[in-house]
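Peer 1: This is query23.txt, which holds compact mmCIF, C-alpha atoms and all ligand atoms:
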# COMPACT_ATOMS: atom_id res chain seq x y z
CA MET A 256 15.04 -5.72 -5.45
CA TRP A 257 13.65 -2.26 -6.12
CA ALA A 258 11.16 -0.89 -3.61
CA VAL A 259 9.45 2.39 -2.78
CA VAL A 260 10.90 3.60 0.53
CA ALA A 261 10.36 6.61 2.78
CA ALA A 262 13.75 8.10 3.63
CA ASP A 263 12.28 9.85 6.70
CA PRO A 264 8.73 10.32 7.99
CA GLY A 265 7.10 13.16 6.09
CA GLY A 266 5.10 14.29 3.06
CA PRO A 267 4.85 12.47 -0.27
CA GLU A 268 8.23 13.92 -1.31
CA VAL A 269 10.08 11.56 1.07
CA LEU A 270 9.18 8.60 -1.18
CA SER A 271 11.76 7.28 -3.65
CA LEU A 272 12.85 4.07 -5.34
CA ALA A 273 15.74 2.29 -3.64
CA GLU A 274 17.46 -1.07 -3.78
CA VAL A 275 16.69 -3.17 -0.70
CA ASP A 276 17.27 -6.81 0.27
CA ASP A 277 15.08 -9.26 -1.65
CA ALA A 278 11.95 -10.49 0.14
CA VAL A 279 12.29 -14.14 1.18
CA ALA A 280 9.33 -16.52 1.59
CA GLY A 281 9.05 -18.70 4.72
CA PRO A 282 7.91 -22.35 4.56
CA ASP A 283 4.19 -21.45 4.58
CA GLU A 284 4.57 -18.41 2.32
CA VAL A 285 4.60 -17.67 -1.39
CA LEU A 286 7.04 -15.30 -3.08
CA LEU A 287 5.28 -13.01 -5.58
CA ARG A 288 6.76 -10.90 -8.36
CA VAL A 289 4.59 -7.80 -7.94
CA ALA A 290 2.74 -6.38 -10.95
CA ALA A 291 0.85 -3.64 -9.10
CA ALA A 292 0.14 -2.49 -5.55
CA GLY A 293 -2.97 -0.73 -4.26
CA ILE A 294 -2.52 2.47 -2.24
CA ASN A 295 -4.40 2.69 1.05
CA ARG A 296 -4.77 5.50 3.55
CA ALA A 297 -2.79 3.37 6.01
CA ASP A 298 0.21 3.79 3.66
CA LEU A 299 -0.08 7.58 3.97
CA LEU A 300 -0.08 7.27 7.77
CA GLN A 301 2.88 4.85 7.68
CA ARG A 302 4.82 7.27 5.45
CA GLN A 303 4.14 10.05 7.99
CA GLY A 304 5.47 7.84 10.79
CA HIS A 305 2.04 7.41 12.46
CA TYR A 306 1.34 3.75 11.66
CA PRO A 307 4.27 1.40 12.29
CA PRO A 308 3.98 -2.07 10.71
CA PRO A 309 2.78 -4.81 13.10
CA PRO A 310 5.45 -7.16 14.53
CA GLY A 311 6.82 -9.53 11.90
CA ALA A 312 5.44 -7.55 8.94
CA SER A 313 7.60 -6.11 6.16
CA PRO A 314 8.78 -2.59 7.03
CA LEU A 315 7.80 -1.53 3.49
CA MET A 316 4.40 0.01 2.66
CA GLY A 317 1.75 -1.83 0.67
CA LEU A 318 -1.24 -3.78 2.03
CA GLU A 319 -2.34 -5.39 -1.23
CA CYS A 320 -0.90 -6.34 -4.59
CA SER A 321 -1.26 -8.42 -7.71
CA GLY A 322 1.52 -10.41 -9.33
CA THR A 323 2.93 -13.74 -10.44
CA VAL A 324 4.01 -16.62 -8.21
CA GLU A 325 7.83 -16.72 -8.30
CA ALA A 326 8.51 -19.43 -5.68
CA LEU A 327 6.64 -21.57 -3.15
CA GLY A 328 7.59 -22.27 0.47
CA ALA A 329 8.17 -25.95 1.31
CA GLU A 330 4.79 -26.33 3.05
CA VAL A 331 2.66 -24.58 0.42
CA SER A 332 0.34 -26.53 -1.84
CA GLY A 333 -2.42 -25.55 -4.23
CA TRP A 334 -0.45 -22.87 -6.11
CA SER A 335 2.14 -23.13 -8.89
CA VAL A 336 5.03 -21.01 -10.08
CA GLY A 337 3.69 -18.67 -12.79
CA ASP A 338 0.13 -18.39 -11.36
CA GLU A 339 -1.29 -14.87 -11.62
CA VAL A 340 -2.84 -13.89 -8.29
CA CYS A 341 -3.68 -11.02 -5.98
CA ALA A 342 -2.86 -10.87 -2.28
CA LEU A 343 -3.79 -9.30 1.03
CA LEU A 344 -0.57 -8.18 2.76
CA SER A 345 0.55 -6.92 6.16
CA GLY A 346 3.04 -4.74 4.28
CA GLY A 347 5.66 -5.00 1.56
CA GLY A 348 3.53 -4.49 -1.57
CA TYR A 349 5.53 -1.47 -2.77
CA ALA A 350 8.37 -3.73 -3.96
CA GLU A 351 9.35 -5.97 -6.87
CA LEU A 352 9.04 -9.06 -4.65
CA VAL A 353 6.85 -9.76 -1.63
CA ALA A 354 6.44 -12.79 0.64
CA VAL A 355 2.79 -13.63 1.40
CA PRO A 356 1.27 -16.21 3.78
CA ALA A 357 -0.33 -18.74 1.43
CA GLY A 358 -3.80 -18.20 2.96
CA GLN A 359 -3.73 -14.54 1.90
CA LEU A 360 -3.31 -15.35 -1.78
CA LEU A 361 -6.44 -15.03 -3.91
CA PRO A 362 -7.08 -16.05 -7.50
CA ILE A 363 -7.85 -13.18 -9.87
CA PRO A 364 -11.59 -13.10 -10.62
CA ALA A 365 -12.39 -13.89 -14.25
CA GLY A 366 -12.41 -10.83 -16.49
CA VAL A 367 -10.13 -8.71 -14.28
CA ASP A 368 -6.67 -7.87 -15.66
CA LEU A 369 -3.50 -8.42 -13.64
CA VAL A 370 -2.91 -4.74 -12.75
CA THR A 371 -6.54 -3.96 -11.86
CA ALA A 372 -6.59 -7.01 -9.57
CA ALA A 373 -4.36 -5.07 -7.16
CA ALA A 374 -7.36 -2.83 -6.42
CA LEU A 375 -9.40 -5.68 -4.96
CA PRO A 376 -7.95 -7.50 -1.90
CA GLU A 377 -7.96 -4.79 0.78
CA ALA A 378 -11.38 -3.36 -0.13
CA ALA A 379 -12.99 -6.77 -0.55
CA ALA A 380 -11.52 -8.17 2.68
CA THR A 381 -12.27 -5.04 4.73
CA VAL A 382 -15.83 -4.69 3.49
CA TRP A 383 -16.73 -8.39 3.58
CA SER A 384 -15.24 -8.99 7.05
CA ASN A 385 -16.71 -5.90 8.68
CA LEU A 386 -20.16 -5.85 7.11
CA PHE A 387 -20.93 -9.53 6.71
CA MET A 388 -18.74 -11.40 9.24
CA VAL A 389 -18.76 -8.86 12.13
CA ALA A 390 -21.96 -6.82 11.66
CA ARG A 391 -23.92 -9.76 10.15
CA LEU A 392 -25.54 -7.49 7.56
CA GLN A 393 -28.50 -9.29 5.98
CA GLU A 394 -30.43 -9.09 2.73
CA GLY A 395 -33.34 -6.67 3.23
CA GLU A 396 -31.47 -4.55 5.80
CA THR A 397 -30.33 -0.94 5.37
CA LEU A 398 -26.70 0.25 5.37
CA LEU A 399 -25.17 3.73 5.64
CA VAL A 400 -21.71 3.93 4.01
CA HIS A 401 -19.64 7.02 4.77
CA GLY A 402 -17.25 8.11 2.01
CA GLY A 403 -19.14 6.12 -0.60
CA ALA A 404 -16.99 7.27 -3.53
CA GLY A 405 -13.63 6.23 -2.00
CA GLY A 406 -11.76 2.97 -2.43
CA ILE A 407 -13.53 1.20 0.42
CA GLY A 408 -16.85 2.99 0.03
CA SER A 409 -17.24 2.33 -3.70
CA PHE A 410 -16.70 -1.37 -3.07
CA ALA A 411 -19.06 -1.42 -0.07
CA ILE A 412 -21.91 0.18 -2.02
CA GLN A 413 -21.57 -2.30 -4.85
CA LEU A 414 -21.21 -5.41 -2.68
CA ALA A 415 -24.02 -4.59 -0.26
CA SER A 416 -26.48 -3.46 -2.92
CA ARG A 417 -25.79 -6.57 -5.06
CA LEU A 418 -26.58 -8.71 -2.00
CA GLY A 419 -30.01 -7.15 -1.55
CA VAL A 420 -29.13 -4.48 1.03
CA ARG A 421 -30.58 -0.98 0.71
CA VAL A 422 -27.63 1.45 0.71
CA LEU A 423 -27.41 5.11 1.76
CA ALA A 424 -24.04 6.79 1.23
CA THR A 425 -22.31 10.05 2.06
CA ALA A 426 -19.88 11.91 -0.20
CA GLY A 427 -18.37 15.37 -0.52
CA SER A 428 -19.21 16.66 -4.00
CA PRO A 429 -22.04 16.46 -6.56
CA ASP A 430 -19.94 14.24 -8.86
CA LYS A 431 -19.18 11.84 -6.05
CA LEU A 432 -22.82 11.80 -4.91
CA GLY A 433 -23.73 10.89 -8.50
CA LEU A 434 -21.15 8.11 -8.48
CA CYS A 435 -22.60 6.67 -5.25
CA ARG A 436 -26.02 6.45 -6.93
CA GLU A 437 -24.50 4.93 -10.05
CA LEU A 438 -22.79 2.26 -7.94
CA GLY A 439 -26.07 1.26 -6.29
CA ALA A 440 -26.85 3.67 -3.43
CA ASP A 441 -30.50 4.63 -3.43
CA THR A 442 -29.86 7.72 -1.30
CA ALA A 443 -26.75 9.90 -1.57
CA ILE A 444 -26.13 12.46 1.20
CA SER A 445 -23.73 15.40 1.00
CA TYR A 446 -21.60 15.38 4.15
CA ARG A 447 -20.78 19.03 3.43
CA ASP A 448 -24.29 20.46 2.98
CA GLN A 449 -26.64 18.04 4.72
CA ASP A 450 -27.10 16.56 8.19
CA PHE A 451 -26.75 12.83 7.59
CA VAL A 452 -28.80 11.89 10.67
CA GLU A 453 -31.75 13.95 9.41
CA GLU A 454 -31.36 12.53 5.91
CA VAL A 455 -31.27 8.96 7.24
CA GLU A 456 -34.42 9.65 9.28
CA ARG A 457 -36.15 11.07 6.22
CA ALA A 458 -35.10 8.23 3.90
CA THR A 459 -36.04 5.50 6.39
CA GLU A 460 -39.21 7.19 7.69
CA GLY A 461 -37.71 7.51 11.16
CA ARG A 462 -36.56 3.89 11.45
CA GLY A 463 -32.82 4.40 11.03
CA VAL A 464 -30.23 2.12 9.39
CA ASP A 465 -29.27 -1.37 10.51
CA VAL A 466 -25.54 -0.92 9.94
CA VAL A 467 -23.16 2.05 9.55
CA LEU A 468 -19.75 1.56 7.90
CA ASP A 469 -17.73 4.45 9.31
CA ASN A 470 -14.36 5.90 8.30
CA MET A 471 -14.61 9.06 10.43
CA GLY A 472 -14.23 7.72 13.98
CA ALA A 473 -14.60 10.27 16.77
CA ALA A 474 -16.23 13.02 14.70
CA TYR A 475 -19.21 10.85 13.70
CA LEU A 476 -19.56 8.38 16.59
CA GLN A 477 -22.51 9.94 18.43
CA ARG A 478 -24.28 10.83 15.18
CA ASN A 479 -23.75 7.34 13.75
CA ILE A 480 -25.45 5.90 16.83
CA ALA A 481 -28.28 8.41 16.41
CA ALA A 482 -28.73 7.19 12.82
CA LEU A 483 -29.16 3.54 13.91
CA ALA A 484 -32.34 1.52 13.94
CA ARG A 485 -33.07 -0.70 16.97
CA ASN A 486 -30.48 -3.53 17.13
CA GLY A 487 -28.26 -1.51 14.81
CA ARG A 488 -24.49 -1.94 14.45
CA VAL A 489 -21.84 0.73 13.96
CA VAL A 490 -18.64 -0.61 12.40
CA VAL A 491 -15.78 1.87 12.75
CA ILE A 492 -12.92 1.18 10.33
CA GLY A 493 -11.14 4.55 10.25
CA MET A 494 -10.28 7.60 12.32
CA GLN A 495 -10.22 10.32 9.64
CA GLY A 496 -12.27 12.45 12.06
CA GLY A 497 -10.09 11.77 15.10
CA ARG A 498 -9.69 9.09 17.75
CA LYS A 499 -10.99 10.71 20.96
CA THR A 500 -14.50 11.82 21.79
CA GLU A 501 -17.02 11.80 24.60
CA LEU A 502 -19.77 9.25 24.12
CA ASP A 503 -23.20 9.26 25.78
CA LEU A 504 -23.80 5.52 26.15
CA GLY A 505 -27.49 6.25 26.66
CA GLY A 506 -27.73 6.67 22.89
CA LEU A 507 -26.28 3.20 22.27
CA PHE A 508 -28.49 1.59 24.94
CA ALA A 509 -31.54 3.28 23.43
CA LYS A 510 -30.81 1.49 20.15
CA ASN A 511 -29.83 -1.83 21.77
CA GLY A 512 -26.81 -1.14 19.62
CA THR A 513 -23.41 -2.69 18.93
CA LEU A 514 -20.17 -0.83 18.27
CA SER A 515 -17.09 -2.45 16.77
CA ALA A 516 -13.70 -1.07 15.71
CA ILE A 517 -11.49 -3.49 13.82
CA LEU A 518 -8.22 -3.11 11.91
CA LEU A 519 -7.54 -5.75 9.28
CA ARG A 520 -3.76 -5.35 9.12
CA PRO A 521 -2.79 -6.68 12.58
CA ARG A 522 -5.26 -9.58 12.53
CA PRO A 523 -3.59 -13.01 12.83
CA VAL A 524 -2.72 -14.88 9.64
CA ALA A 525 -5.39 -17.54 10.32
CA GLU A 526 -8.13 -14.88 10.59
CA LYS A 527 -6.99 -13.22 7.37
CA ALA A 528 -6.95 -16.60 5.64
CA ALA A 529 -10.54 -17.23 6.78
CA ILE A 530 -11.59 -13.81 5.46
CA CYS A 531 -9.84 -14.42 2.11
CA ALA A 532 -11.54 -17.80 1.76
CA GLU A 533 -14.98 -16.20 2.26
CA VAL A 534 -14.11 -13.39 -0.15
CA VAL A 535 -13.22 -15.92 -2.85
CA GLU A 536 -16.41 -17.87 -2.23
CA ARG A 537 -18.89 -15.03 -1.76
CA VAL A 538 -17.46 -11.91 -3.42
CA TRP A 539 -15.37 -13.07 -6.39
CA PRO A 540 -18.37 -14.53 -8.27
CA LEU A 541 -19.97 -11.05 -8.22
CA VAL A 542 -16.77 -9.54 -9.65
CA ALA A 543 -16.40 -12.30 -12.23
CA ASP A 544 -19.90 -11.76 -13.59
CA GLY A 545 -19.46 -7.98 -13.72
CA ARG A 546 -21.93 -7.07 -10.97
CA ILE A 547 -19.06 -5.54 -8.98
CA VAL A 548 -16.57 -3.51 -11.01
CA PRO A 549 -13.25 -2.49 -9.42
CA ARG A 550 -12.87 1.28 -9.83
CA VAL A 551 -9.36 2.49 -10.59
CA HIS A 552 -8.91 6.26 -10.54
CA ALA A 553 -5.25 6.34 -11.65
CA THR A 554 -2.18 4.14 -12.07
CA TYR A 555 1.33 5.45 -11.40
CA PRO A 556 4.69 3.69 -11.84
CA PHE A 557 6.59 2.93 -8.60
CA ALA A 558 8.99 5.76 -9.47
CA GLU A 559 6.09 8.23 -9.21
CA ALA A 560 4.83 7.00 -5.83
CA ALA A 561 5.15 10.53 -4.42
CA ALA A 562 2.69 11.86 -7.02
CA ALA A 563 0.36 8.93 -6.33
CA HIS A 564 0.34 9.64 -2.56
CA ALA A 565 -0.21 13.35 -3.23
CA ASP A 566 -3.13 12.42 -5.49
CA MET A 567 -4.79 10.42 -2.69
CA GLU A 568 -4.12 13.17 -0.14
CA SER A 569 -5.78 15.75 -2.39
CA GLY A 570 -9.05 13.86 -1.88
CA THR A 571 -10.18 14.39 -5.48
CA HIS A 572 -9.97 10.71 -6.45
CA THR A 573 -12.77 8.17 -6.62
CA GLY A 574 -12.13 4.47 -6.14
CA LYS A 575 -8.54 3.18 -5.96
CA ILE A 576 -5.09 4.48 -6.91
CA LEU A 577 -2.51 1.89 -8.00
CA LEU A 578 1.29 1.70 -8.36
CA THR A 579 2.84 -0.49 -11.06
CA ALA A 580 6.13 -2.27 -10.46
CA PRO A 581 9.17 -1.62 -12.69
N1 LIG B 601 -10.10 -0.98 9.52
C1 LIG B 601 -9.48 -1.45 8.47
O1 LIG B 601 -8.98 -2.55 8.48
C2 LIG B 601 -9.39 -0.61 7.25
C3 LIG B 601 -8.94 -1.16 6.03
C4 LIG B 601 -8.90 -0.33 4.90
C5 LIG B 601 -9.30 1.00 5.00
N2 LIG B 601 -9.69 1.48 6.20
C6 LIG B 601 -10.11 2.88 6.36
O2 LIG B 601 -11.20 3.11 5.51
C7 LIG B 601 -11.26 4.49 5.18
C8 LIG B 601 -11.40 4.67 3.69
O3 LIG B 601 -10.22 4.19 3.06
P1 LIG B 601 -10.05 4.32 1.49
O4 LIG B 601 -8.91 3.48 1.08
O5 LIG B 601 -11.36 4.13 0.84
O6 LIG B 601 -9.61 5.85 1.35
P2 LIG B 601 -10.07 6.94 0.32
O7 LIG B 601 -10.30 6.31 -1.03
O8 LIG B 601 -9.12 8.05 0.41
O9 LIG B 601 -11.49 7.39 0.87
C9 LIG B 601 -11.60 8.30 1.92
C10 LIG B 601 -13.04 8.69 1.99
O10 LIG B 601 -13.25 9.55 3.10
C11 LIG B 601 -14.35 10.36 2.74
N3 LIG B 601 -14.51 11.49 3.63
C12 LIG B 601 -13.68 12.54 3.84
N4 LIG B 601 -14.22 13.41 4.73
C13 LIG B 601 -15.43 12.89 5.07
C14 LIG B 601 -16.47 13.32 5.93
N5 LIG B 601 -16.40 14.45 6.64
N6 LIG B 601 -17.58 12.54 6.02
C15 LIG B 601 -17.68 11.38 5.33
N7 LIG B 601 -16.72 10.92 4.50
C16 LIG B 601 -15.61 11.68 4.37
C17 LIG B 601 -14.03 10.76 1.34
O11 LIG B 601 -15.19 11.24 0.71
P3 LIG B 601 -15.14 12.25 -0.58
O12 LIG B 601 -14.09 11.68 -1.51
O13 LIG B 601 -16.51 12.21 -1.10
O14 LIG B 601 -14.72 13.59 -0.04
C18 LIG B 601 -13.54 9.44 0.77
O15 LIG B 601 -14.60 8.69 0.22
C19 LIG B 601 -9.97 5.11 5.74
O16 LIG B 601 -10.27 5.74 6.95
C20 LIG B 601 -9.09 3.91 5.97
O17 LIG B 601 -8.13 4.12 6.96
C21 LIG B 601 -9.75 0.71 7.30
Write the structure described by the file as structure tokens, please.
Ligand SMILES: NC(=O)c1ccc[n+]([C@@H]2O[C@H](COP(=O)([O-])OP(=O)(O)OC[C@H]3O[C@@H](n4cnc5c(N)ncnc54)[C@H](OP(=O)(O)O)[C@@H]3O)[C@@H](O)[C@H]2O)c1
Peer 2:
Amino acid sequence: MWAVVAADPGGPEVLSLAEVDDAVAGPDEVLLRVAAAGINRADLLQRQGHYPPPPGASPLMGLECSGTVEALGAEVSGWSVGDEVCALLSGGGYAELVAVPAGQLLPIPAGVDLVTAAALPEAAATVWSNLFMVARLQEGETLLVHGGAGGIGSFAIQLASRLGVRVLATAGSPDKLGLCRELGADTAISYRDQDFVEEVERATEGRGVDVVLDNMGAAYLQRNIAALARNGRVVVIGMQGGRKTELDLGGLFAKNGTLSAILLRPRPVAEKAAICAEVVERVWPLVADGRIVPRVHATYPFAEAAAAHADMESGTHTGKILLTAP
């Protein structure tokens, strides 16, 4: 099969199309013919040699895809050859064929086309699991989303606001701040020109937010805690601002706060299956009726994966960038 491979760790230019051994589905897996794969920041790190795939995962990049069921493992039921689906992967999406544990297959929500469906699994699973399963975000609470115009952030704003949560979001340019408001944020904060802790205080009349969804890691940890309300939860999902920092725990105690840091990719298959089941039940209806709209910034063919990675690294995109299979 054809796949996008990285000849050596490095910049986007190391990516090329190559013939590799066909993916093979195990007894509890489904073989998909990939239509499109979503690009995630983890793929950029993997390409640079900083994020090796977890044990047992495909060595190829690609944490989500859409496609058509090509074959079923002997123990799989509930799906048929020819079904159009999308899937949460531990790797391997940048290829013509990918083997997926059956529990990580999702139907395509009504009204979403096959290629666009590749933009959904990673954002939906990351946002649902962190905000609603881990942080127990509730209707009527307040959420701060960092990077509200990105792939994860644009989904988080839509999902939380549609479920009755008041959303504040940060972004880096006037256009992106406008997009955050359009998606459902009632307060948009420039991370370049404003102090988000002060802006949160102002917008919540000193109360703070109940939950922070954070992509910045070390750089924002102390300030995220400062922005919390009592009993608040900080959910760290990324380390774009570094991994090491000094933390004054007094700040967390003062808020009676909770801090979590969870990666979706290495979670066991059973946990991912449980997340996918909740996503189908709780999130897909909002996509199907148009209240959540997947945002696709650009679509590149597999052969132009280098340009697609460079596009994401430039930081000018909003929403998701996709690759389409040959
Ligand atoms: N834990 C997990 O399982 C998991 C799963 C998926 C993704 N993630 C993480 O989630 C994060 C977002 O991923 P993505 O796919 O949405 O990537 P993306 O589309 O490239 O988004 C990156 C975001 O970072 C924002 N950003 C950059 N500098 C910032 C700053 N100083 N303050 C606040 N925001 C800043 C950008 O905002 P502007 O565009 O406005 O500049 C952009 O919205 C990444 O860190 C990724 O690794 C984690």
Peer 1: Nearest residue to Trp539 in chain A out of A:Leu318, A:Leu343, A:Ala380, A:Leu369, using only C-alpha atoms?
Peer 2: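 So, comparing all the options, the nearest one is A:Ala380.
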Peer 1: Quick one: which chain A residues come within 7 Å of ligand LIG 601 (chain B), and what is the nearest atom pair for each with the distance in Å to one decimal, counting all atoms listed in the file, rows ordered by chain and ascending number, as JSON lines?
Peer 2:
{"residue": "A:Asn295", "atom": "CA", "partner": "B:LIG601", "partner_atom": "O4", "distance": 4.6}
{"residue": "A:Arg296", "atom": "CA", "partner": "B:LIG601", "partner_atom": "O17", "distance": 5.0}
{"residue": "A:Ala297", "atom": "CA", "partner": "B:LIG601", "partner_atom": "O17", "distance": 5.5}
{"residue": "A:Glu377", "atom": "CA", "partner": "B:LIG601", "partner_atom": "C4", "distance": 6.1}
{"residue": "A:Ala378", "atom": "CA", "partner": "B:LIG601", "partner_atom": "C4", "distance": 6.4}
{"residue": "A:Thr381", "atom": "CA", "partner": "B:LIG601", "partner_atom": "C3", "distance": 5.3}
{"residue": "A:His401", "atom": "CA", "partner": "B:LIG601", "partner_atom": "C15", "distance": 4.8}
{"residue": "A:Gly402", "atom": "CA", "partner": "B:LIG601", "partner_atom": "O15", "distance": 3.3}
{"residue": "A:Gly403", "atom": "CA", "partner": "B:LIG601", "partner_atom": "O15", "distance": 5.3}
{"residue": "A:Ala404", "atom": "CA", "partner": "B:LIG601", "partner_atom": "O15", "distance": 4.7}
{"residue": "A:Gly405", "atom": "CA", "partner": "B:LIG601", "partner_atom": "O15", "distance": 3.5}
{"residue": "A:Gly406", "atom": "CA", "partner": "B:LIG601", "partner_atom": "O5", "distance": 3.5}
{"residue": "A:Ile407", "atom": "CA", "partner": "B:LIG601", "partner_atom": "O5", "distance": 3.7}
{"residue": "A:Gly408", "atom": "CA", "partner": "B:LIG601", "partner_atom": "O5", "distance": 5.7}
{"residue": "A:Thr425", "atom": "CA", "partner": "B:LIG601", "partner_atom": "C15", "distance": 5.8}
{"residue": "A:Ala426", "atom": "CA", "partner": "B:LIG601", "partner_atom": "O13", "distance": 3.5}
{"residue": "A:Gly427", "atom": "CA", "partner": "B:LIG601", "partner_atom": "O13", "distance": 3.7}
{"residue": "A:Ser428", "atom": "CA", "partner": "B:LIG601", "partner_atom": "O13", "distance": 6.0}
{"residue": "A:Lys431", "atom": "CA", "partner": "B:LIG601", "partner_atom": "O13", "distance": 5.6}
{"residue": "A:Tyr446", "atom": "CA", "partner": "B:LIG601", "partner_atom": "N6", "distance": 5.3}
{"residue": "A:Asn470", "atom": "CA", "partner": "B:LIG601", "partner_atom": "O16", "distance": 4.3}
{"residue": "A:Met471", "atom": "CA", "partner": "B:LIG601", "partner_atom": "N6", "distance": 6.4}
{"residue": "A:Ile492", "atom": "CA", "partner": "B:LIG601", "partner_atom": "N1", "distance": 3.6}
{"residue": "A:Gly493", "atom": "CA", "partner": "B:LIG601", "partner_atom": "O16", "distance": 3.6}
{"residue": "A:Met494", "atom": "CA", "partner": "B:LIG601", "partner_atom": "O16", "distance": 5.7}
{"residue": "A:Gln495", "atom": "CA", "partner": "B:LIG601", "partner_atom": "O16", "distance": 5.3}
{"residue": "A:Ile517", "atom": "CA", "partner": "B:LIG601", "partner_atom": "N1", "distance": 5.2}
{"residue": "A:Leu518", "atom": "CA", "partner": "B:LIG601", "partner_atom": "O1", "distance": 3.6}
{"residue": "A:Leu519", "atom": "CA", "partner": "B:LIG601", "partner_atom": "O1", "distance": 3.6}
{"residue": "A:Arg520", "atom": "CA", "partner": "B:LIG601", "partner_atom": "O1", "distance": 6.0}
{"residue": "A:Met567", "atom": "CA", "partner": "B:LIG601", "partner_atom": "O8", "distance": 5.8}
{"residue": "A:Gly570", "atom": "CA", "partner": "B:LIG601", "partner_atom": "O12", "distance": 5.5}
{"residue": "A:Thr571", "atom": "CA", "partner": "B:LIG601", "partner_atom": "O12", "distance": 6.2}
{"residue": "A:His572", "atom": "CA", "partner": "B:LIG601", "partner_atom": "O12", "distance": 6.5}
{"residue": "A:Thr573", "atom": "CA", "partner": "B:LIG601", "partner_atom": "O12", "distance": 6.3}
{"residue": "A:Gly574", "atom": "CA", "partner": "B:LIG601", "partner_atom": "O7", "distance": 5.7}
{"residue": "A:Lys575", "atom": "CA", "partner": "B:LIG601", "partner_atom": "O7", "distance": 6.1}
Peer 1: Point out the residue among A:Gly317, A:Pro364, A:Gly322, A:Gly506 with the least atom-to-atom distance to Arg537 in chain A, counting only C-alpha atoms.
Peer 2: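 The answer is A:Pro364, which sits nearest to Arg537 in chain A.
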Peer 1: Put the listed atoms of range 436-441 of chain A in a box along x, y and z with 5 Å added on every side and give me the centre and edge lengths in Å to one decimal, as JSON.
Peer 2:
{"center_x": -26.6, "center_y": 3.9, "center_z": -6.7, "size_x": 17.7, "size_y": 15.2, "size_z": 16.6}
Peer 1: Between CA of Leu438 in chain A and CA of Leu577 in chain A, measure the distance and give it in Å to one decimal.
Peer 2: 20.3 Å
Peer 1: Which one of A:Cys320, A:Val455, A:Leu360, A:Ala561 sits closest to Ser332 in chain A if you count all atoms listed in the file?
Peer 2: A:Leu360
Peer 1: Which residue is closest to Gly265 in chain A? Choose from A:Ala292, A:Val466, A:Leu287, A:Leu299 and count all atoms listed in the file.
Peer 2: A:Leu299
